[in-house]
Every structure is written in structure tokens, then in C-alpha cells.
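Participant: Below is the structure I would like to discuss, written out as C-alpha cells.
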Amino acid sequence: MSRSSCFDSASRSEASFDNTHVDNTYDSARFDAIATEVYLHGFSVQANALPLALAKKLHARMTSLPPEAFERAGIGRHESHQHNQAVRSDRIRWLDSADVSVDDEWLKWAEQLQQALNRRLFLGLFSFESHFAHYRAGDFYRRHIDAFKGQASRTVSLVVYLNRDWDEACGGELVLYRDREDQKGIQVVPSFAKVVVFLSEEFPHEVLPATRDRYSIAGWFRVNTSDSGRIDPPS
């Protein structure tokens, strides 16, 4: 299938789109399946794992925001934070409980997943942070890891996709590498309501350019690394 056919698939009817999904709000079996796969393999890729109603609501929220609501994404944290267009070109909007654009259902869903991961993996995940990520046609994020061993509190990475009528012709795959030596990777098509979870320190990954706007939420479950002189995660 050619890349140009992506635009043909995007024009399919809303009825056709709805009939391919099943709502699964707070599906404990789904959470347990994700946790088990992460326990066994270090990562999990689950199609249609985000509840349809929630996915549609998040998609509507994200696509209704004006361009100025997003900021250029950077690399690094705190004093090492910088913008580098050669590494990533997406734009983001951070989400938290005080943001009027955040649907409380999203944070509740993430909390349920966090609890399942803690039950199965005994990770002691303490908090969660996330942002909308908008990749325009041609945008990318070069190969990277979300956390360096022993140097960050990000422990588990989460990505959910909000792209209606998306297939391989649209591009924009997430490439998940099994280790630093892996050059082929596992390509994940960012189709609507798909959920990807992986250990932040273990899996290099990248985002390939797409032929049209690509929408997702990226999130991280964190452990508490507070000490006497610093509170982490910050309030």
C-alpha cells in the first residue's frame, strides 16, 4: 500500500470507525495483561486498549486546542533541558490535574494501570506525568531512551495513540528497540486507542515521520526519589 493511500483511509465514515472498537473502561483483565507482558518481556503493545469513549474524548480535546497551546518539545530535564530540532520536532502540552484540558477519566485510567503494574512488578510506582504530543507531517523524534539507569525516577513509559483511521500507509511508527545493539527494532503502527508500555531505562526508541498529523499522549510512571534536600516528584 502506498503512503498516499493514508488519506483515503482517513476519509472513512464515523460509523465504520466506531464498529471496529469495543469500550473497555477500567478493564482489570486488560491492565493485568499489560502488566504481565511488561513483567515477562519488558514491554507490551495492546491494540484497542484505551477505552473508546475516553480515546474519542481525548482526541477531541487535543485537536480542539489552538496551535499556541503547544510548545516546542525539548530533551533533558531541569538544567540540562534544551531544544534540538535535529533530535525531535514535535510539539507538546503537559497535562496535570489543574489543566482545564485534562479529562479526569484519563488520570483515573492511568492510576488503574499504575496499580496493576505495582501489583505485578513490585516497582513502587509513585506518581504519573504525561503530555499531549502533536507530530505534524514530517515530524520525528530520533532514537533515544526515556531514562538513564540510576539517574532518573522515570521507571515505566506509556504511550497511547489518538489517530483515527490510521494504517501503515500513514507512517509515523514508533520503533521500539530491544536493547542498545538492536538496529531493526519492533515497528508499532500508531493506530487509534493502541497502548504501548515499556521499561523506561531498557528500551531505546524513536518516532518515524508520518504523512499527516499524528496525535498521542506520552506518559511516565515515576518512583519517589525524595531526599532531605529535594522533593521528587515535585509538587
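Ordering of the C-alpha cells sets the chain letters (A, B, ...), residue numbers begin anew at 1 in every chain, and ligands are numbered from 1 in the order given.
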Got a sec: who's within 12 Å of A:Ala137, counting only C-alpha atoms, leaving out chain neighbours fewer than 2 positions off, as a PyMOL selection string?
Facilitator: chain A and resi 89-90+134-135+139-140+170-172+208-215
Participant: If we count only C-alpha atoms and set the cut-off at 12 Å, which residues sit around A:Tyr39, ignoring sequence neighbours fewer than 6 positions away in its own chain? Please answer as a PyMOL selection string.
Facilitator: chain A and resi 32-33+116-123+156+197-199
Participant: Would you export the selected residues with N, CA, C and O atoms as a PDB file, in the first residue's frame, please?
Facilitator:
```pdb
ATOM      1  N   ASP A  32      -4.057  -6.167  33.775  1.00  0.00           N
ATOM      2  CA  ASP A  32      -3.239  -7.296  34.221  1.00  0.00           C
ATOM      3  C   ASP A  32      -2.446  -7.892  33.066  1.00  0.00           C
ATOM      4  O   ASP A  32      -1.296  -8.313  33.243  1.00  0.00           O
ATOM      5  N   ALA A  33      -3.053  -7.931  31.876  1.00  0.00           N
ATOM      6  CA  ALA A  33      -2.350  -8.461  30.705  1.00  0.00           C
ATOM      7  C   ALA A  33      -1.160  -7.578  30.348  1.00  0.00           C
ATOM      8  O   ALA A  33      -0.073  -8.081  30.012  1.00  0.00           O
ATOM      9  N   ALA A 116      -1.947  -1.798  38.687  1.00  0.00           N
ATOM     10  CA  ALA A 116      -1.714  -3.132  38.133  1.00  0.00           C
ATOM     11  C   ALA A 116      -0.222  -3.406  37.973  1.00  0.00           C
ATOM     12  O   ALA A 116       0.259  -4.511  38.265  1.00  0.00           O
ATOM     13  N   LEU A 117       0.519  -2.408  37.517  1.00  0.00           N
ATOM     14  CA  LEU A 117       1.967  -2.568  37.370  1.00  0.00           C
ATOM     15  C   LEU A 117       2.637  -2.785  38.719  1.00  0.00           C
ATOM     16  O   LEU A 117       3.544  -3.617  38.850  1.00  0.00           O
ATOM     17  N   ASN A 118       2.188  -2.065  39.718  1.00  0.00           N
ATOM     18  CA  ASN A 118       2.764  -2.239  41.053  1.00  0.00           C
ATOM     19  C   ASN A 118       2.446  -3.612  41.632  1.00  0.00           C
ATOM     20  O   ASN A 118       3.294  -4.238  42.272  1.00  0.00           O
ATOM     21  N   ARG A 119       1.221  -4.096  41.405  1.00  0.00           N
ATOM     22  CA  ARG A 119       0.856  -5.419  41.906  1.00  0.00           C
ATOM     23  C   ARG A 119       1.693  -6.512  41.265  1.00  0.00           C
ATOM     24  O   ARG A 119       2.140  -7.446  41.933  1.00  0.00           O
ATOM     25  N   ARG A 120       1.926  -6.403  39.965  1.00  0.00           N
ATOM     26  CA  ARG A 120       2.597  -7.477  39.226  1.00  0.00           C
ATOM     27  C   ARG A 120       4.106  -7.363  39.291  1.00  0.00           C
ATOM     28  O   ARG A 120       4.812  -8.375  39.351  1.00  0.00           O
ATOM     29  N   LEU A 121       4.639  -6.146  39.275  1.00  0.00           N
ATOM     30  CA  LEU A 121       6.077  -5.966  39.150  1.00  0.00           C
ATOM     31  C   LEU A 121       6.751  -5.460  40.416  1.00  0.00           C
ATOM     32  O   LEU A 121       7.978  -5.383  40.469  1.00  0.00           O
ATOM     33  N   PHE A 122       5.973  -5.058  41.417  1.00  0.00           N
ATOM     34  CA  PHE A 122       6.523  -4.571  42.687  1.00  0.00           C
ATOM     35  C   PHE A 122       7.519  -3.420  42.466  1.00  0.00           C
ATOM     36  O   PHE A 122       8.600  -3.381  43.043  1.00  0.00           O
ATOM     37  N   LEU A 123       7.119  -2.465  41.608  1.00  0.00           N
ATOM     38  CA  LEU A 123       8.012  -1.381  41.234  1.00  0.00           C
ATOM     39  C   LEU A 123       7.957  -0.194  42.183  1.00  0.00           C
ATOM     40  O   LEU A 123       8.856   0.645  42.175  1.00  0.00           O
ATOM     41  N   VAL A 156       8.586   3.522  34.145  1.00  0.00           N
ATOM     42  CA  VAL A 156       7.778   2.887  33.110  1.00  0.00           C
ATOM     43  C   VAL A 156       7.227   3.965  32.186  1.00  0.00           C
ATOM     44  O   VAL A 156       6.669   4.964  32.649  1.00  0.00           O
ATOM     45  N   VAL A 197       3.443   0.153  26.521  1.00  0.00           N
ATOM     46  CA  VAL A 197       4.041   0.326  27.842  1.00  0.00           C
ATOM     47  C   VAL A 197       5.403  -0.370  27.828  1.00  0.00           C
ATOM     48  O   VAL A 197       5.509  -1.505  27.338  1.00  0.00           O
ATOM     49  N   PHE A 198       6.440   0.283  28.349  1.00  0.00           N
ATOM     50  CA  PHE A 198       7.753  -0.352  28.383  1.00  0.00           C
ATOM     51  C   PHE A 198       8.607   0.235  29.506  1.00  0.00           C
ATOM     52  O   PHE A 198       8.342   1.345  29.998  1.00  0.00           O
ATOM     53  N   LEU A 199       9.626  -0.512  29.915  1.00  0.00           N
ATOM     54  CA  LEU A 199      10.540  -0.069  30.961  1.00  0.00           C
ATOM     55  C   LEU A 199      11.408   1.063  30.414  1.00  0.00           C
ATOM     56  O   LEU A 199      12.103   0.903  29.407  1.00  0.00           O
TER      57      LEU A 199
END
```
Participant: When you draw a straight line from atom CA of A:Val207 to atom CA of A:Phe126, how long is it in Å?
Facilitator: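 So the two atoms, atom CA of A:Val207 and atom CA of A:Phe126, lie 27.3 Å apart.
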Participant: Separation of atom CA of A:Glu111 and atom CA of A:Ser127, in Å?
Facilitator: 8.6 Å
Participant: Could you please write out, as number ranges by chain, every residue of stretch 14-195 of chain A that DSSP assigns to strand (DSSP E or B)?
Facilitator: A: 43-46, 71-72, 75, 82, 88, 91-95, 127-135, 141-144, 154-161, 171, 174-176, 186-188, 195
Participant: Can you work out the spacing between atom CA of A:Leu107 and atom CA of A:Phe128 in Å, to one decimal?
Facilitator: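 Result for atom CA of A:Leu107 versus atom CA of A:Phe128: 8.4 Å, one decimal.
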Participant: Tell me, as a list in words, which residues lie within 12 Å of A:Ala47, counting only C-alpha atoms; anything in the same chain fewer than 3 positions away does not count.
Facilitator: Thr20, His21, Val22, Asn24, Arg30, Ile34, Ser44, Leu50, Pro51, Leu52, Val159, Val160, Tyr161, Leu162, Val188, Val189, Pro190, Ser191, Phe192, Ala193, Lys194, Val195, Val196 and Val197 of chain A
Participant: Of the candidates A:Arg154, A:Arg88, A:Leu125, A:Trp109, which shows the shortest atom-to-atom distance to A:Gly138, using only C-alpha atoms?
Facilitator: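 Counting only C-alpha atoms, the residue closest to A:Gly138 is A:Arg88.
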Participant: Run DSSP on the backbone of this structure and report the residues of stretch 30-219 of chain A it assigns to helix (DSSP H, G or I), as a ChimeraX atom specification.
Facilitator: /A:30-41,52-64,67-69,78-80,104-121,168-170
Participant: For A:Val175, which residue out of A:Met62, A:Ile145, A:Val102, A:Ala49 is the nearest one, using only C-alpha atoms?
Facilitator: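 For A:Val175, the nearest of the given residues is A:Ile145.
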Participant: Using only C-alpha atoms, which of the listed residues (A:Leu176, A:Ala110, A:Ile92, A:Leu58) sits closest to A:Asp27?
Facilitator: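 Between A:Leu176, A:Ala110, A:Ile92, A:Leu58, the residue approaching A:Asp27 most closely is A:Ala110.
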Participant: Which residues are close to A:Ser200, i.e. within 10 Å by only C-alpha atoms, leaving aside same-chain residues fewer than 3 positions away? Reply as number ranges by chain.
Facilitator: A: 42-43, 145-149, 152-158, 197, 203-205, 220-222
Participant: Return the single residue from A:Ser64, A:Ser216, A:Gln183, A:Asn224 that is closest to A:Arg164, with distances computed using only C-alpha atoms.
Facilitator: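 For A:Arg164, the nearest of the given residues is A:Ser216.
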